[in-house]
Amino acid sequence: MSLSRGRECPVNLDYPEAGFRSVDLGSIRVRSRQIRRRRAAGHAAAVLVVGAAVVGALTGARGYTLGWFPPPAAGPPAGRPAVPIDALVASDPPADGQLTLISTWPRHWTTVAWATRGGAVCLATYRTPMRGGTFDFNCPAWSPADVPGEGARGLSPLLPGIFPDAAGGRLVPENGLATPRADRVTVTFLGKDFSAKVIPVPLQGGKTVGVFVVWIRLPPGLNSYGSSQFTGEIAYSPGGRIVARHGPWP
Amino acid sequence: MARQAEFEEFTSFVLGSQARMIRLAELLTGDRGRAEDLAQEGFARTFVVWRRVRSGDPAAYARRCIINANTDWRRRRSWYEQPRPDAPDGPASADVAAALAEQDVVLRALAKLTGRERAVLALRFYLDLSEIQIADELGIAAGTVKSTVARALAKLRADADLRSEATW
């Protein structure tokens with residue numbers, strides 16, 4: 001059966017293939033083009049949203065909505081004048097033409113979010129001033145199916161981001177969506193609680209979704225982490241009542 | 001290098017390494033279909049930076065992409081579903097059935113390990129990488145690799161299901 005012989009591992013990982021399997025080179029090529037386009041769009045977006053950081057820093061207001069984009073027209077976005085941000089708008093346009101400032105913490109880091117016309121939620125986190133184009137661009141970060149509604153499932157999957165130069169590599173962002181009734185979310189990581197304010201982001205049709213970014217401080221000596229180290233996530237209403245909860249997880 | 005020649009070079013890299021990459025992805029995910037998607041994603045990310053990595057160790061880069069993509073995927077769906085090896089579809093010949101049965105035993109055993117334990121075991125015992133190489137690829141300390149391997153092996157040795165399979 002599966003026991004390996006003469007090797008240290010109790011199972012044979014080099015088991016025989018049940019049939020020939022191969023990857024699709026055409027799809028790989030298409031996907032790589034998609035990644036390139038997204039990266040290029042991300043660079044353009046990051047440059048533009050540097051302004052958002054400045055506005056955010058000046059106003060000190062999280063949740064401040066920045067109207068960078070014109071509201072979407074009925075026609076395709078390709079008809080608009082060619083400006084750098086159009087690369088992003090063309091692929092994932094904000095539903096109402098707006099970015100929402102989610103966080104300006106830690107110092108030099110800014111996170112903005114927006115909802116697309118398709119109902120997905122996108123996220124960009126970037127450093128100001130830009131250093132070597134370091135940023136995290138996720139669009140879509142959450143599909144429409146991940147967007148929490150008013151029901152029991154009030155929290156989305158957490159989406160990790162990695163910024164090795166934030167606080168010497170000890171701070172990493174965890175992004176998430178919460179029911180619009182949530183005001184604050186607390187995430188438990190390795191037994192410690194980390195909190196973040198939930199910011200409403202407009203969806204199409206007048207609804208909103210809560211977006212948050214929790215910065216996790218990694219303990220010394222821990223060079224990587226995984227989902228098993230998160231043991232709970234709780235969303236609270238403005239009055240401190242629990243409105244959604246996940247965990248404990250395996 | 002002309003774009004077409006570049007793609008041909010990349011194609012030959014894919015053809016030469018796809019079996020290992022799909023198996024690596026399968027050991028990480030425990031899911032045949034997902035493994036092929038993950039391997040494709042790893043190859044696509046590698047092609048994006050092909051000019052930079054082609055003269056170095058493109059296989060190491062692709063492996064890293066596969067492992068990272070798997071981590072992202074696990075995190076995204078972590079509280080919607082748990083890893084579960086797929087049951088084989090439909091009837092199969094005796095050889096294929098035996099291969100699938102063996103695969104099933106291995107994947108069920110690996111499904112009880114953490115993501116990092118699976119990754120470390122796959123790199124160590126399927127791809128025969130050294131502890132130093134694994135540490136480098138996963139961005140963790142060599143000592144962590146060693147302890148993770150030891151913990152994973154101990155779990156497998158203690159696996160009652162695996163022991164009952166061995167008595168056949």
# chains A, B, ... in the order shown; residues from 1 in each chain; ligands from 1
call {"tool": "select_by_dssp", "arguments": {"residues": "chain B", "states": "helix (DSSP H, G or I)", "output": "NGL selection string"}}
result
:B and (3-29 or 32-48 or 50-53 or 58-76 or 94-110 or 115-126 or 131-138 or 142-157 or 160-166)
call {"tool": "interface_residues", "arguments": {"of": "chain B", "to": "chain A", "cutoff": "6 Å", "atoms": "only C-alpha atoms", "output": "PyMOL selection string"}}
result
chain B and resi 40+44+48+75-76+96+99-100+102+126+140
call {"tool": "atom_distance", "arguments": {"atom1": "CA of Val105 in chain B", "atom2": "CA of Arg34 in chain B"}}
result
17.9 Å
call {"tool": "atom_distance", "arguments": {"atom1": "CA of Gln229 in chain A", "atom2": "CA of Leu190 in chain A"}}
result
5.4 Å
call {"tool": "atom_distance", "arguments": {"atom1": "CA of Ala235 in chain A", "atom2": "CA of Arg217 in chain A"}}
result
19.7 Å
call {"tool": "residues_around", "arguments": {"residues": "range 56-71 of chain B", "least_positions_apart": "2", "cutoff": "9 Å", "atoms": "only C-alpha atoms", "output": "ChimeraX atom specification"}}
result
/A:226-227 /B:13,17,21,24-25,28-29,38-46,50,52-54,73-76,115,119,137-138
call {"tool": "write_last_selection", "arguments": {"atoms": "C-alpha atoms", "output": "PDB file, in the first residue's frame"}}
result
ATOM      1  CA  GLY A 226      -1.135  30.596   8.792  1.00  0.00           C
ATOM      2  CA  SER A 227      -4.857  30.412   9.290  1.00  0.00           C
TER       3      SER A 227
ATOM      4  CA  PHE B  13      10.216  24.325 -18.751  1.00  0.00           C
ATOM      5  CA  SER B  17       8.289  20.165 -14.632  1.00  0.00           C
ATOM      6  CA  MET B  21       4.421  20.746  -9.815  1.00  0.00           C
ATOM      7  CA  LEU B  24       3.398  19.159  -5.220  1.00  0.00           C
ATOM      8  CA  ALA B  25       0.103  21.059  -5.489  1.00  0.00           C
ATOM      9  CA  LEU B  28      -0.515  20.638  -0.530  1.00  0.00           C
ATOM     10  CA  THR B  29      -4.241  20.720  -1.290  1.00  0.00           C
ATOM     11  CA  LEU B  38      -2.825  25.730  -8.476  1.00  0.00           C
ATOM     12  CA  ALA B  39      -0.006  24.466 -10.706  1.00  0.00           C
ATOM     13  CA  GLN B  40      -1.341  26.589 -13.562  1.00  0.00           C
ATOM     14  CA  GLU B  41      -1.426  29.629 -11.325  1.00  0.00           C
ATOM     15  CA  GLY B  42       2.160  28.936 -10.253  1.00  0.00           C
ATOM     16  CA  PHE B  43       3.310  28.627 -13.861  1.00  0.00           C
ATOM     17  CA  ALA B  44       1.414  31.793 -14.867  1.00  0.00           C
ATOM     18  CA  ARG B  45       3.060  33.804 -12.084  1.00  0.00           C
ATOM     19  CA  THR B  46       6.422  32.376 -13.137  1.00  0.00           C
ATOM     20  CA  TRP B  50      10.291  34.649 -16.795  1.00  0.00           C
ATOM     21  CA  ARG B  52      14.184  37.508 -14.465  1.00  0.00           C
ATOM     22  CA  VAL B  53      14.057  33.908 -13.271  1.00  0.00           C
ATOM     23  CA  ARG B  54      14.895  31.890 -16.402  1.00  0.00           C
ATOM     24  CA  TRP B  73      -6.629  30.056  -1.126  1.00  0.00           C
ATOM     25  CA  ARG B  74      -6.755  28.244   2.218  1.00  0.00           C
ATOM     26  CA  ARG B  75      -7.007  31.524   4.078  1.00  0.00           C
ATOM     27  CA  ARG B  76      -9.830  32.753   1.887  1.00  0.00           C
ATOM     28  CA  GLY B 115      -0.591  23.497   5.715  1.00  0.00           C
ATOM     29  CA  ALA B 119       4.430  21.836   2.482  1.00  0.00           C
ATOM     30  CA  GLU B 137      11.847  28.514  -0.067  1.00  0.00           C
ATOM     31  CA  LEU B 138       9.336  28.883   2.748  1.00  0.00           C
TER      32      LEU B 138
END
call {"tool": "closest_residue", "arguments": {"among": "B:Phe47, B:Ala154, B:Asp31, B:Glu36", "to": "Glu9 in chain B", "atoms": "only C-alpha atoms"}}
result
B:Phe47
call {"tool": "residues_around", "arguments": {"residues": "Lys207 in chain A", "least_positions_apart": "5", "cutoff": "10 Å", "atoms": "only C-alpha atoms", "output": "list of chain:residue names"}}
result
A:Gly149, A:Pro180, A:Pro200, A:Val201, A:Pro202
call {"tool": "write_last_selection", "arguments": {"atoms": "C-alpha atoms", "output": "compact mmCIF listing (two decimals), in the first residue's frame"}}
result
# COMPACT_ATOMS: atom_id res chain seq x y z
CA GLY A 149 -25.22 40.73 4.31
CA PRO A 180 -22.67 47.07 7.84
CA PRO A 200 -18.70 51.52 5.56
CA VAL A 201 -18.03 51.24 1.82
CA PRO A 202 -20.90 51.98 -0.58
call {"tool": "residues_around", "arguments": {"residues": "Glu117 in chain B", "least_positions_apart": "5", "cutoff": "7 Å", "atoms": "only C-alpha atoms", "output": "count of residues only"}}
result
3
